[in-house]
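input_37.cif (mmCIF, C-alpha atoms and all ligand atoms; chains and numbers go by the auth columns) appears below.
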data_my_file
loop_
_atom_site.group_PDB
_atom_site.id
_atom_site.type_symbol
_atom_site.label_atom_id
_atom_site.label_comp_id
_atom_site.label_asym_id
_atom_site.label_seq_id
_atom_site.Cartn_x
_atom_site.Cartn_y
_atom_site.Cartn_z
_atom_site.B_iso_or_equiv
_atom_site.auth_seq_id
_atom_site.auth_asym_id
ATOM 1 C CA MET A 1 -55.584 78.153 -29.342 0.00 1415 A
ATOM 2 C CA ALA A 2 -58.996 76.873 -30.462 0.00 1416 A
ATOM 3 C CA THR A 3 -59.040 73.992 -32.949 0.00 1417 A
ATOM 4 C CA GLY A 4 -61.835 75.637 -34.944 0.00 1418 A
ATOM 5 C CA GLU A 5 -64.156 72.724 -34.177 0.00 1419 A
ATOM 6 C CA ILE A 6 -67.586 73.228 -32.627 0.00 1420 A
ATOM 7 C CA GLU A 7 -69.347 70.585 -30.505 0.00 1421 A
ATOM 8 C CA LEU A 8 -72.801 70.641 -28.907 0.00 1422 A
ATOM 9 C CA ILE A 9 -72.059 70.126 -25.189 0.00 1423 A
ATOM 10 C CA TYR A 10 -74.150 70.688 -22.041 0.00 1424 A
ATOM 11 C CA CYS A 11 -73.239 73.994 -20.364 0.00 1425 A
ATOM 12 C CA ARG A 12 -73.763 74.081 -16.591 0.00 1426 A
ATOM 13 C CA ARG A 13 -74.227 77.862 -16.585 0.00 1427 A
ATOM 14 C CA CYS A 14 -76.631 78.018 -19.561 0.00 1428 A
ATOM 15 C CA SER A 15 -78.362 74.827 -18.223 0.00 1429 A
ATOM 16 C CA ARG A 16 -78.719 73.399 -21.721 0.00 1430 A
ATOM 17 C CA LYS A 17 -76.673 72.075 -24.618 0.00 1431 A
ATOM 18 C CA THR A 18 -74.873 74.905 -26.387 0.00 1432 A
ATOM 19 C CA ASN A 19 -72.254 75.229 -29.088 0.00 1433 A
ATOM 20 C CA HIS A 20 -68.800 74.911 -27.572 0.00 1434 A
ATOM 21 C CA SER A 21 -65.537 75.929 -29.138 0.00 1435 A
ATOM 22 C CA VAL A 22 -63.100 73.000 -28.837 0.00 1436 A
ATOM 23 C CA LEU A 23 -59.787 74.248 -27.408 0.00 1437 A
ATOM 24 C CA CYS A 24 -58.054 70.879 -27.570 0.00 1438 A
ATOM 25 C CA LYS A 25 -59.006 67.240 -27.822 0.00 1439 A
ATOM 26 C CA ALA A 26 -57.415 63.805 -27.588 0.00 1440 A
ATOM 27 C CA ARG A 27 -58.887 60.521 -28.799 0.00 1441 A
ATOM 28 C CA GLU A 28 -58.184 57.363 -26.847 0.00 1442 A
ATOM 29 C CA GLU A 29 -58.765 53.922 -28.309 0.00 1443 A
ATOM 30 C CA ALA A 30 -59.992 51.516 -25.642 0.00 1444 A
ATOM 31 C CA ASP A 31 -59.889 47.796 -25.056 0.00 1445 A
ATOM 32 C CA PRO A 32 -62.996 46.307 -26.782 0.00 1446 A
ATOM 33 C CA ASP A 33 -63.156 43.755 -23.941 0.00 1447 A
ATOM 34 C CA ASP A 34 -64.124 46.642 -21.663 0.00 1448 A
ATOM 35 C CA GLY A 35 -67.122 47.402 -23.903 0.00 1449 A
ATOM 36 C CA ILE A 36 -65.768 50.852 -24.809 0.00 1450 A
ATOM 37 C CA TRP A 37 -64.618 51.437 -28.366 0.00 1451 A
ATOM 38 C CA SER A 38 -63.159 54.872 -27.956 0.00 1452 A
ATOM 39 C CA ARG A 39 -63.245 57.933 -25.734 0.00 1453 A
ATOM 40 C CA THR A 40 -62.466 61.463 -26.886 0.00 1454 A
ATOM 41 C CA HIS A 41 -61.457 64.035 -24.271 0.00 1455 A
ATOM 42 C CA TYR A 42 -62.301 67.698 -24.843 0.00 1456 A
ATOM 43 C CA LEU A 43 -61.330 70.985 -23.245 0.00 1457 A
ATOM 44 C CA ALA A 44 -64.049 73.308 -24.496 0.00 1458 A
ATOM 45 C CA GLN A 45 -65.613 76.723 -23.985 0.00 1459 A
ATOM 46 C CA CYS A 46 -69.307 77.652 -24.256 0.00 1460 A
ATOM 47 C CA ALA A 47 -69.799 79.974 -27.235 0.00 1461 A
ATOM 48 C CA GLY A 48 -72.528 81.816 -25.295 0.00 1462 A
ATOM 49 C CA CYS A 49 -71.385 82.379 -21.684 0.00 1463 A
ATOM 50 C CA GLU A 50 -67.690 81.463 -22.233 0.00 1464 A
ATOM 51 C CA THR A 51 -67.674 78.914 -19.373 0.00 1465 A
ATOM 52 C CA TYR A 52 -64.941 76.287 -19.713 0.00 1466 A
ATOM 53 C CA CYS A 53 -65.545 72.575 -19.298 0.00 1467 A
ATOM 54 C CA TYR A 54 -63.826 69.247 -19.642 0.00 1468 A
ATOM 55 C CA ALA A 55 -66.003 66.710 -21.454 0.00 1469 A
ATOM 56 C CA THR A 56 -65.676 63.172 -22.742 0.00 1470 A
ATOM 57 C CA ALA A 57 -67.517 61.529 -25.635 0.00 1471 A
ATOM 58 C CA THR A 58 -67.603 57.750 -25.306 0.00 1472 A
ATOM 59 C CA GLU A 59 -68.444 55.318 -28.088 0.00 1473 A
ATOM 60 C CA THR A 60 -69.629 51.834 -27.182 0.00 1474 A
ATOM 61 C CA GLU A 61 -71.595 49.105 -28.919 0.00 1475 A
ATOM 62 C CA ASP A 62 -74.740 50.747 -27.481 0.00 1476 A
ATOM 63 C CA THR A 63 -74.085 54.196 -28.950 0.00 1477 A
ATOM 64 C CA TYR A 64 -74.549 53.280 -32.615 0.00 1478 A
ATOM 65 C CA ASP A 65 -77.821 54.784 -33.851 0.00 1479 A
ATOM 66 C CA HIS A 66 -79.134 52.472 -36.585 0.00 1480 A
ATOM 67 C CA GLY A 67 -81.767 55.048 -37.605 0.00 1481 A
ATOM 68 C CA LEU A 68 -79.137 57.707 -38.219 0.00 1482 A
ATOM 69 C CA ASP A 69 -76.545 55.116 -39.350 0.00 1483 A
ATOM 70 C CA ARG A 70 -73.814 56.697 -37.275 0.00 1484 A
ATOM 71 C CA MET A 71 -72.310 56.808 -33.802 0.00 1485 A
ATOM 72 C CA VAL A 72 -74.040 59.047 -31.259 0.00 1486 A
ATOM 73 C CA PRO A 73 -71.512 59.111 -28.408 0.00 1487 A
ATOM 74 C CA GLU A 74 -72.437 59.351 -24.720 0.00 1488 A
ATOM 75 C CA TRP A 75 -71.281 62.711 -23.331 0.00 1489 A
ATOM 76 C CA ASP A 76 -70.058 63.326 -19.791 0.00 1490 A
ATOM 77 C CA VAL A 77 -69.330 66.892 -18.708 0.00 1491 A
ATOM 78 C CA TYR A 78 -67.169 68.021 -15.785 0.00 1492 A
ATOM 79 C CA PRO A 79 -67.669 69.763 -13.408 0.00 1493 A
ATOM 80 C CA THR A 80 -70.926 67.828 -13.168 0.00 1494 A
ATOM 81 C CA PRO A 81 -73.929 70.187 -13.351 0.00 1495 A
ATOM 82 C CA GLU A 82 -75.296 70.760 -9.836 0.00 1496 A
ATOM 83 C CA GLY A 83 -77.733 68.099 -8.665 0.00 1497 A
ATOM 84 C CA GLU A 84 -77.114 65.828 -11.668 0.00 1498 A
ATOM 85 C CA GLN A 85 -76.703 62.105 -11.114 0.00 1499 A
ATOM 86 C CA LYS A 86 -73.653 60.586 -12.742 0.00 1500 A
ATOM 87 C CA PRO A 87 -73.805 56.952 -13.880 0.00 1501 A
ATOM 88 C CA LEU A 88 -71.339 54.610 -12.177 0.00 1502 A
ATOM 89 C CA ASP A 89 -67.924 54.736 -13.871 0.00 1503 A
ATOM 90 C CA ASN A 90 -67.901 51.031 -14.741 0.00 1504 A
ATOM 91 C CA TYR A 91 -71.433 50.715 -16.104 0.00 1505 A
ATOM 92 C CA PHE A 92 -70.042 49.169 -19.288 0.00 1506 A
ATOM 93 C CA LEU A 93 -69.416 45.994 -17.254 0.00 1507 A
ATOM 94 C CA PHE A 94 -73.173 45.412 -16.830 0.00 1508 A
ATOM 95 C CA PRO A 95 -75.051 43.044 -19.169 0.00 1509 A
ATOM 96 C CA ILE A 96 -76.585 44.935 -22.116 0.00 1510 A
ATOM 97 C CA ARG A 97 -80.196 44.888 -20.868 0.00 1511 A
ATOM 98 C CA VAL A 98 -79.259 45.869 -17.311 0.00 1512 A
ATOM 99 C CA ARG A 99 -76.993 48.637 -18.640 0.00 1513 A
ATOM 100 C CA ALA A 100 -79.655 50.031 -20.984 0.00 1514 A
ATOM 101 C CA ILE A 101 -82.289 50.214 -18.228 0.00 1515 A
ATOM 102 C CA TYR A 102 -79.815 51.668 -15.699 0.00 1516 A
ATOM 103 C CA LEU A 103 -78.717 54.473 -18.043 0.00 1517 A
ATOM 104 C CA GLU A 104 -82.353 55.339 -18.828 0.00 1518 A
ATOM 105 C CA VAL A 105 -83.139 55.513 -15.098 0.00 1519 A
ATOM 106 C CA VAL A 106 -80.267 57.968 -14.544 0.00 1520 A
ATOM 107 C CA LYS A 107 -81.365 60.052 -17.551 0.00 1521 A
ATOM 108 C CA SER A 108 -84.978 60.078 -16.301 0.00 1522 A
ATOM 109 C CA ILE A 109 -83.895 61.309 -12.857 0.00 1523 A
ATOM 110 C CA ASN A 110 -81.762 64.036 -14.428 0.00 1524 A
ATOM 111 C CA SER A 111 -84.740 65.073 -16.578 0.00 1525 A
ATOM 112 C CA ASP A 112 -87.001 65.100 -13.474 0.00 1526 A
ATOM 113 C CA LEU A 113 -89.113 62.305 -15.002 0.00 1527 A
ATOM 114 C CA LEU A 114 -89.570 60.632 -11.627 0.00 1528 A
ATOM 115 C CA LEU A 115 -92.515 58.409 -12.543 0.00 1529 A
ATOM 116 C CA LEU A 116 -90.541 56.941 -15.446 0.00 1530 A
ATOM 117 C CA ALA A 117 -87.470 56.628 -13.196 0.00 1531 A
ATOM 118 C CA ALA A 118 -89.526 54.680 -10.616 0.00 1532 A
ATOM 119 C CA ILE A 119 -90.870 52.307 -13.271 0.00 1533 A
ATOM 120 C CA GLY A 120 -87.321 51.983 -14.621 0.00 1534 A
ATOM 121 C CA LEU A 121 -85.955 51.127 -11.171 0.00 1535 A
ATOM 122 C CA ARG A 122 -88.508 48.320 -10.842 0.00 1536 A
ATOM 123 C CA ALA A 123 -87.528 47.059 -14.311 0.00 1537 A
ATOM 124 C CA LEU A 124 -83.851 47.326 -13.339 0.00 1538 A
ATOM 125 C CA ILE A 125 -84.305 45.172 -10.223 0.00 1539 A
ATOM 126 C CA GLU A 126 -86.332 42.663 -12.236 0.00 1540 A
ATOM 127 C CA ALA A 127 -83.611 42.531 -14.905 0.00 1541 A
ATOM 128 C CA ILE A 128 -80.910 41.984 -12.262 0.00 1542 A
ATOM 129 C CA CYS A 129 -83.011 39.203 -10.692 0.00 1543 A
ATOM 130 C CA LYS A 130 -83.526 37.508 -14.057 0.00 1544 A
ATOM 131 C CA GLN A 131 -79.841 37.690 -14.822 0.00 1545 A
ATOM 132 C CA GLN A 132 -79.097 36.237 -11.361 0.00 1546 A
ATOM 133 C CA GLY A 133 -81.618 33.419 -11.820 0.00 1547 A
ATOM 134 C CA VAL A 134 -84.024 34.748 -9.157 0.00 1548 A
ATOM 135 C CA SER A 135 -87.665 34.420 -10.183 0.00 1549 A
ATOM 136 C CA ALA A 136 -90.842 35.245 -8.308 0.00 1550 A
ATOM 137 C CA ARG A 137 -94.402 36.402 -8.923 0.00 1551 A
ATOM 138 C CA ASN A 138 -93.894 39.925 -7.604 0.00 1552 A
ATOM 139 C CA LEU A 139 -91.234 42.496 -6.831 0.00 1553 A
ATOM 140 C CA LYS A 140 -91.450 42.070 -3.047 0.00 1554 A
ATOM 141 C CA VAL A 141 -90.536 38.384 -3.290 0.00 1555 A
ATOM 142 C CA LEU A 142 -87.816 39.171 -5.869 0.00 1556 A
ATOM 143 C CA ILE A 143 -86.219 41.635 -3.444 0.00 1557 A
ATOM 144 C CA ASP A 144 -86.359 38.995 -0.681 0.00 1558 A
ATOM 145 C CA GLY A 145 -84.736 36.530 -3.103 0.00 1559 A
ATOM 146 C CA LEU A 146 -81.827 38.918 -3.674 0.00 1560 A
ATOM 147 C CA THR A 147 -81.446 39.297 0.106 0.00 1561 A
ATOM 148 C CA ASP A 148 -81.347 35.507 0.540 0.00 1562 A
ATOM 149 C CA ARG A 149 -78.543 35.358 -2.028 0.00 1563 A
ATOM 150 C CA GLY A 150 -76.521 37.993 -0.206 0.00 1564 A
ATOM 151 C CA VAL A 151 -76.740 40.461 -3.107 0.00 1565 A
ATOM 152 C CA LEU A 152 -78.754 42.846 -0.910 0.00 1566 A
ATOM 153 C CA SER A 153 -78.258 43.404 2.809 0.00 1567 A
ATOM 154 C CA THR A 154 -81.289 43.196 5.099 0.00 1568 A
ATOM 155 C CA LYS A 155 -81.059 46.969 5.687 0.00 1569 A
ATOM 156 C CA GLN A 156 -81.029 47.642 1.933 0.00 1570 A
ATOM 157 C CA SER A 157 -84.021 45.390 1.297 0.00 1571 A
ATOM 158 C CA LYS A 158 -85.897 47.227 4.085 0.00 1572 A
ATOM 159 C CA VAL A 159 -85.224 50.512 2.271 0.00 1573 A
ATOM 160 C CA LEU A 160 -86.746 49.099 -0.927 0.00 1574 A
ATOM 161 C CA HIS A 161 -89.728 47.587 0.891 0.00 1575 A
ATOM 162 C CA ARG A 162 -90.487 50.974 2.483 0.00 1576 A
ATOM 163 C CA LEU A 163 -90.717 52.716 -0.904 0.00 1577 A
ATOM 164 C CA ARG A 164 -94.306 52.966 -2.085 0.00 1578 A
ATOM 165 C CA PHE A 165 -93.459 52.529 -5.748 0.00 1579 A
ATOM 166 C CA MET A 166 -91.627 49.292 -5.013 0.00 1580 A
ATOM 167 C CA GLY A 167 -94.616 48.045 -3.017 0.00 1581 A
ATOM 168 C CA ASN A 168 -97.156 48.487 -5.837 0.00 1582 A
ATOM 169 C CA LYS A 169 -98.137 45.167 -7.365 0.00 1583 A
ATOM 170 C CA VAL A 170 -97.888 46.445 -10.937 0.00 1584 A
ATOM 171 C CA ALA A 171 -96.170 49.403 -12.562 0.00 1585 A
ATOM 172 C CA HIS A 172 -99.397 51.154 -13.652 0.00 1586 A
ATOM 173 C CA GLU A 173 -100.475 51.575 -10.008 0.00 1587 A
ATOM 174 C CA ILE A 174 -97.552 53.920 -9.346 0.00 1588 A
ATOM 175 C CA SER A 175 -98.164 57.638 -8.864 0.00 1589 A
ATOM 176 C CA ARG A 176 -95.338 60.168 -9.160 0.00 1590 A
ATOM 177 C CA PRO A 177 -92.873 59.391 -6.349 0.00 1591 A
ATOM 178 C CA ARG A 178 -90.841 61.901 -4.348 0.00 1592 A
ATOM 179 C CA ARG A 179 -87.298 62.594 -5.552 0.00 1593 A
ATOM 180 C CA ASP A 180 -85.743 61.380 -2.278 0.00 1594 A
ATOM 181 C CA GLU A 181 -87.564 58.032 -2.681 0.00 1595 A
ATOM 182 C CA VAL A 182 -86.238 57.579 -6.199 0.00 1596 A
ATOM 183 C CA LEU A 183 -82.705 58.537 -5.135 0.00 1597 A
ATOM 184 C CA ALA A 184 -82.851 56.064 -2.217 0.00 1598 A
ATOM 185 C CA ALA A 185 -83.829 53.261 -4.606 0.00 1599 A
ATOM 186 C CA LEU A 186 -81.061 54.306 -7.011 0.00 1600 A
ATOM 187 C CA VAL A 187 -78.453 54.123 -4.224 0.00 1601 A
ATOM 188 C CA VAL A 188 -79.575 50.594 -3.316 0.00 1602 A
ATOM 189 C CA ALA A 189 -79.724 49.485 -6.968 0.00 1603 A
ATOM 190 C CA GLU A 190 -76.215 50.863 -7.591 0.00 1604 A
ATOM 191 C CA SER A 191 -74.850 49.008 -4.582 0.00 1605 A
ATOM 192 C CA MET A 192 -76.268 45.797 -6.089 0.00 1606 A
ATOM 193 C CA LEU A 193 -74.733 46.611 -9.463 0.00 1607 A
ATOM 194 C CA ARG A 194 -71.343 47.178 -7.803 0.00 1608 A
ATOM 195 C CA VAL A 195 -71.499 43.895 -5.864 0.00 1609 A
ATOM 196 C CA ILE A 196 -72.599 41.782 -8.831 0.00 1610 A
ATOM 197 C CA TYR A 197 -70.745 43.283 -11.805 0.00 1611 A
ATOM 198 C CA ILE A 198 -67.995 45.678 -10.717 0.00 1612 A
ATOM 199 C CA VAL A 199 -66.367 44.111 -7.641 0.00 1613 A
ATOM 200 C CA PRO A 200 -65.687 40.716 -9.330 0.00 1614 A
ATOM 201 C CA HIS A 201 -64.057 42.569 -12.252 0.00 1615 A
ATOM 202 C CA LEU A 202 -61.868 44.713 -9.968 0.00 1616 A
ATOM 203 C CA SER A 203 -60.894 41.744 -7.813 0.00 1617 A
ATOM 204 C CA LYS A 204 -59.376 40.044 -10.884 0.00 1618 A
ATOM 205 C CA GLY A 205 -56.664 42.695 -10.880 0.00 1619 A
ATOM 206 C CA ILE A 206 -55.770 42.225 -7.202 0.00 1620 A
ATOM 207 C CA ARG A 207 -52.839 39.998 -6.297 0.00 1621 A
ATOM 208 C CA THR A 208 -52.196 39.031 -2.695 0.00 1622 A
ATOM 209 C CA GLY A 209 -49.066 37.587 -1.092 0.00 1623 A
ATOM 210 C CA GLY A 210 -47.251 40.465 0.638 0.00 1624 A
ATOM 211 C CA ARG A 211 -44.062 42.338 -0.099 0.00 1625 A
ATOM 212 C CA LYS A 212 -42.711 40.173 -2.859 0.00 1626 A
ATOM 213 C CA THR A 213 -45.889 40.593 -4.908 0.00 1627 A
ATOM 214 C CA ASP A 214 -45.984 44.353 -4.312 0.00 1628 A
ATOM 215 C CA LYS A 215 -42.376 44.619 -5.470 0.00 1629 A
ATOM 216 C CA GLY A 216 -43.127 42.561 -8.562 0.00 1630 A
ATOM 217 C CA ARG A 217 -46.124 44.721 -9.350 0.00 1631 A
ATOM 218 C CA ASP A 218 -44.084 47.918 -8.933 0.00 1632 A
ATOM 219 C CA THR A 219 -41.501 46.539 -11.352 0.00 1633 A
ATOM 220 C CA ALA A 220 -44.192 45.535 -13.839 0.00 1634 A
ATOM 221 C CA VAL A 221 -45.800 48.996 -13.638 0.00 1635 A
ATOM 222 C CA LYS A 222 -42.441 50.744 -14.114 0.00 1636 A
ATOM 223 C CA SER A 223 -41.616 48.513 -17.090 0.00 1637 A
ATOM 224 C CA LYS A 224 -45.021 49.238 -18.631 0.00 1638 A
ATOM 225 C CA CYS A 225 -44.545 52.994 -18.161 0.00 1639 A
ATOM 226 C CA ALA A 226 -41.031 52.836 -19.603 0.00 1640 A
ATOM 227 C CA LYS A 227 -42.324 50.882 -22.617 0.00 1641 A
ATOM 228 C CA ARG A 228 -45.061 53.467 -23.232 0.00 1642 A
ATOM 229 C CA CYS A 229 -42.531 56.283 -23.016 0.00 1643 A
ATOM 230 C CA GLY A 230 -40.221 54.423 -25.413 0.00 1644 A
ATOM 231 C CA GLN A 231 -37.512 53.944 -22.784 0.00 1645 A
ATOM 232 C CA PRO A 232 -35.844 50.685 -21.767 0.00 1646 A
ATOM 233 C CA SER A 233 -36.673 49.430 -18.247 0.00 1647 A
ATOM 234 C CA GLN A 234 -34.052 49.842 -15.562 0.00 1648 A
ATOM 235 C CA PRO A 235 -31.694 46.838 -15.787 0.00 1649 A
ATOM 236 C CA ASN A 236 -31.350 46.580 -12.005 0.00 1650 A
ATOM 237 C CA GLU A 237 -35.107 46.103 -11.771 0.00 1651 A
ATOM 238 C CA GLN A 238 -35.027 43.158 -14.140 0.00 1652 A
ATOM 239 C CA GLN A 239 -32.092 41.535 -12.357 0.00 1653 A
ATOM 240 C CA GLN A 240 -33.723 41.534 -8.970 0.00 1654 A
ATOM 241 C CA PRO A 241 -34.810 38.079 -7.794 0.00 1655 A
HETATM 242 ZN ZN ZN B . -72.886 78.573 -21.460 0.00 1701 B
#
Now that the file is in, can you turn its structure into structure tokens?
Ligand SMILES: [Zn+2]
Amino acid sequence: MATGEIELIYCRRCSRKTNHSVLCKAREEADPDDGIWSRTHYLAQCAGCETYCYATATETEDTYDHGLDRMVPEWDVYPTPEGEQKPLDNYFLFPIRVRAIYLEVVKSINSDLLLLAAIGLRALIEAICKQQGVSARNLKVLIDGLTDRGVLSTKQSKVLHRLRFMGNKVAHEISRPRRDEVLAALVVAESMLRVIYIVPHLSKGIRTGGRKTDKGRDTAVKSKCAKRCGQPSQPNEQQQP
């Protein structure tokens, strides 16, 4: 059944990247407007402990390594290793700088590099503020600026203000934070990222207007499915008013 291909994939039982025998794979070309160039899906088995996994390798404009002169795809493995933070599904919608910092924060947390994660979270909030046109002399005032704009709720801004590493005037004053503090800041930062970059994108696909619209959407979906499967759409669907 195996394809004979070997890929280096993280094994949740071995707790490290190991050679995996690829049992089957499928490559999916994506819409470049979404920021994703391609995604390859794998069903694979660890060559050491024989644990199975489903994994995806995603290529985006950020995954080209100019030093190596080749693509180095971003791997996601399922089931997610216990305790590991997964980046938000739609992170490719974030501006490049925000996306780069966000992904490094998640990687730092997963590598237990909490001091770097805390500094990254500060940089992430600053990058979001800059992109939103909020400027201030320190992080406390930036957070208040986001609250004034409705990007953060008052409760969320209180969470950030309570975190010691957010309260430090400059990044080099920070000592290693607790994991729960870093995770709290990540939750708040991700809610901001959803509000600013993901919700507006999702809302573009929503049509309102009641039954008629729902019916039209159902017909459009069925026609799209039929087209993909190489079948003609049902004539009675097209003739409906
Ligand atoms: Zn293994």
>> One number please: atom CA of Arg1551 of chain A to atom CA of Leu1574 of chain A, in Å, one decimal.
In response: 16.8 Å
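Around the coordinate (-84.0, 44.2, -14.7), residues that reach within 10 Å when counting only C-alpha atoms are A:Arg1511, A:Val1512, A:Arg1513, A:Ala1514, A:Ile1515, A:Tyr1516, A:Gly1534, A:Leu1535, A:Arg1536, A:Ala1537, A:Leu1538, A:Ile1539, A:Glu1540, A:Ala1541, A:Ile1542, A:Cys1543, A:Lys1544, A:Gln1545, A:Gln1546.
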>> Could you list, as a VMD selection string, every residue matched by the PyMOL selection byres (((chain A and resi 1471) around 8) and not hetatm) in this structure?
In response: chain A and resid 1453 to 1455 1469 to 1470 1472 to 1473 1487 to 1490
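Put simply, atom CA of Gly1462 of chain A is 5.0 Å away from atom ZN of ligand ZN 1701 (chain B).
Around Ser1522 of chain A, within 12 Å and counting all atoms listed in the file, the residues found are Glu1498, Gln1499, Lys1500, Pro1501, Ile1515, Tyr1516, Leu1517, Glu1518, Val1519, Ser1525, Asp1526, Leu1527, Leu1528, Leu1529, Leu1530, Ala1531, Ala1532, Ile1533, Gly1534, Leu1535, Arg1593, Val1596, Leu1597 and Leu1600 of chain A, once anything fewer than 3 positions away on its own chain is removed.
Selection check: the PyMOL selection byres (((not hetatm)) within 9 of (chain B and resi 1701)) on the shown file gives Tyr1424, Cys1425, Arg1426, Arg1427, Cys1428, Ser1429, Arg1430, Lys1431, Thr1432, Asn1433, His1434, Gln1459, Cys1460, Ala1461, Gly1462, Cys1463, Glu1464, Thr1465 and Tyr1466 of chain A.
For the set A:Ala1458, A:Lys1583, A:Val1520, A:His1615, the residue with the smallest atom-to-atom gap to Val1601 of chain A is A:Val1520, counting only C-alpha atoms.
Going from atom CA of Gln1570 of chain A over to atom CA of Ala1599 of chain A, you cover 9.1 Å.
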>> From (-62.4, 73.5, -32.9), in the file's coordinates, out to 7 Å: which residues are reached, counting only C-alpha atoms? Answer as number ranges by chain.
In response: A: 1416-1420, 1435-1437
Could the residues in this selection be written to a file with C-alpha atoms, as a PDB file, in the coordinates of the input?
ATOM      1  CA  ALA A1416     -58.996  76.873 -30.462  1.00  0.00           C
ATOM      2  CA  THR A1417     -59.040  73.992 -32.949  1.00  0.00           C
ATOM      3  CA  GLY A1418     -61.835  75.637 -34.944  1.00  0.00           C
ATOM      4  CA  GLU A1419     -64.156  72.724 -34.177  1.00  0.00           C
ATOM      5  CA  ILE A1420     -67.586  73.228 -32.627  1.00  0.00           C
ATOM      6  CA  SER A1435     -65.537  75.929 -29.138  1.00  0.00           C
ATOM      7  CA  VAL A1436     -63.100  73.000 -28.837  1.00  0.00           C
ATOM      8  CA  LEU A1437     -59.787  74.248 -27.408  1.00  0.00           C
TER       9      LEU A1437
END
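With all atoms listed in the file taken into account, the protein and nucleic acid residues at most 7 Å from Ser1571 of chain A (excluding it and anything under 4 positions from it in its own chain) are A:Ile1557, A:Thr1561, A:Leu1566, A:Ser1567, A:His1575.
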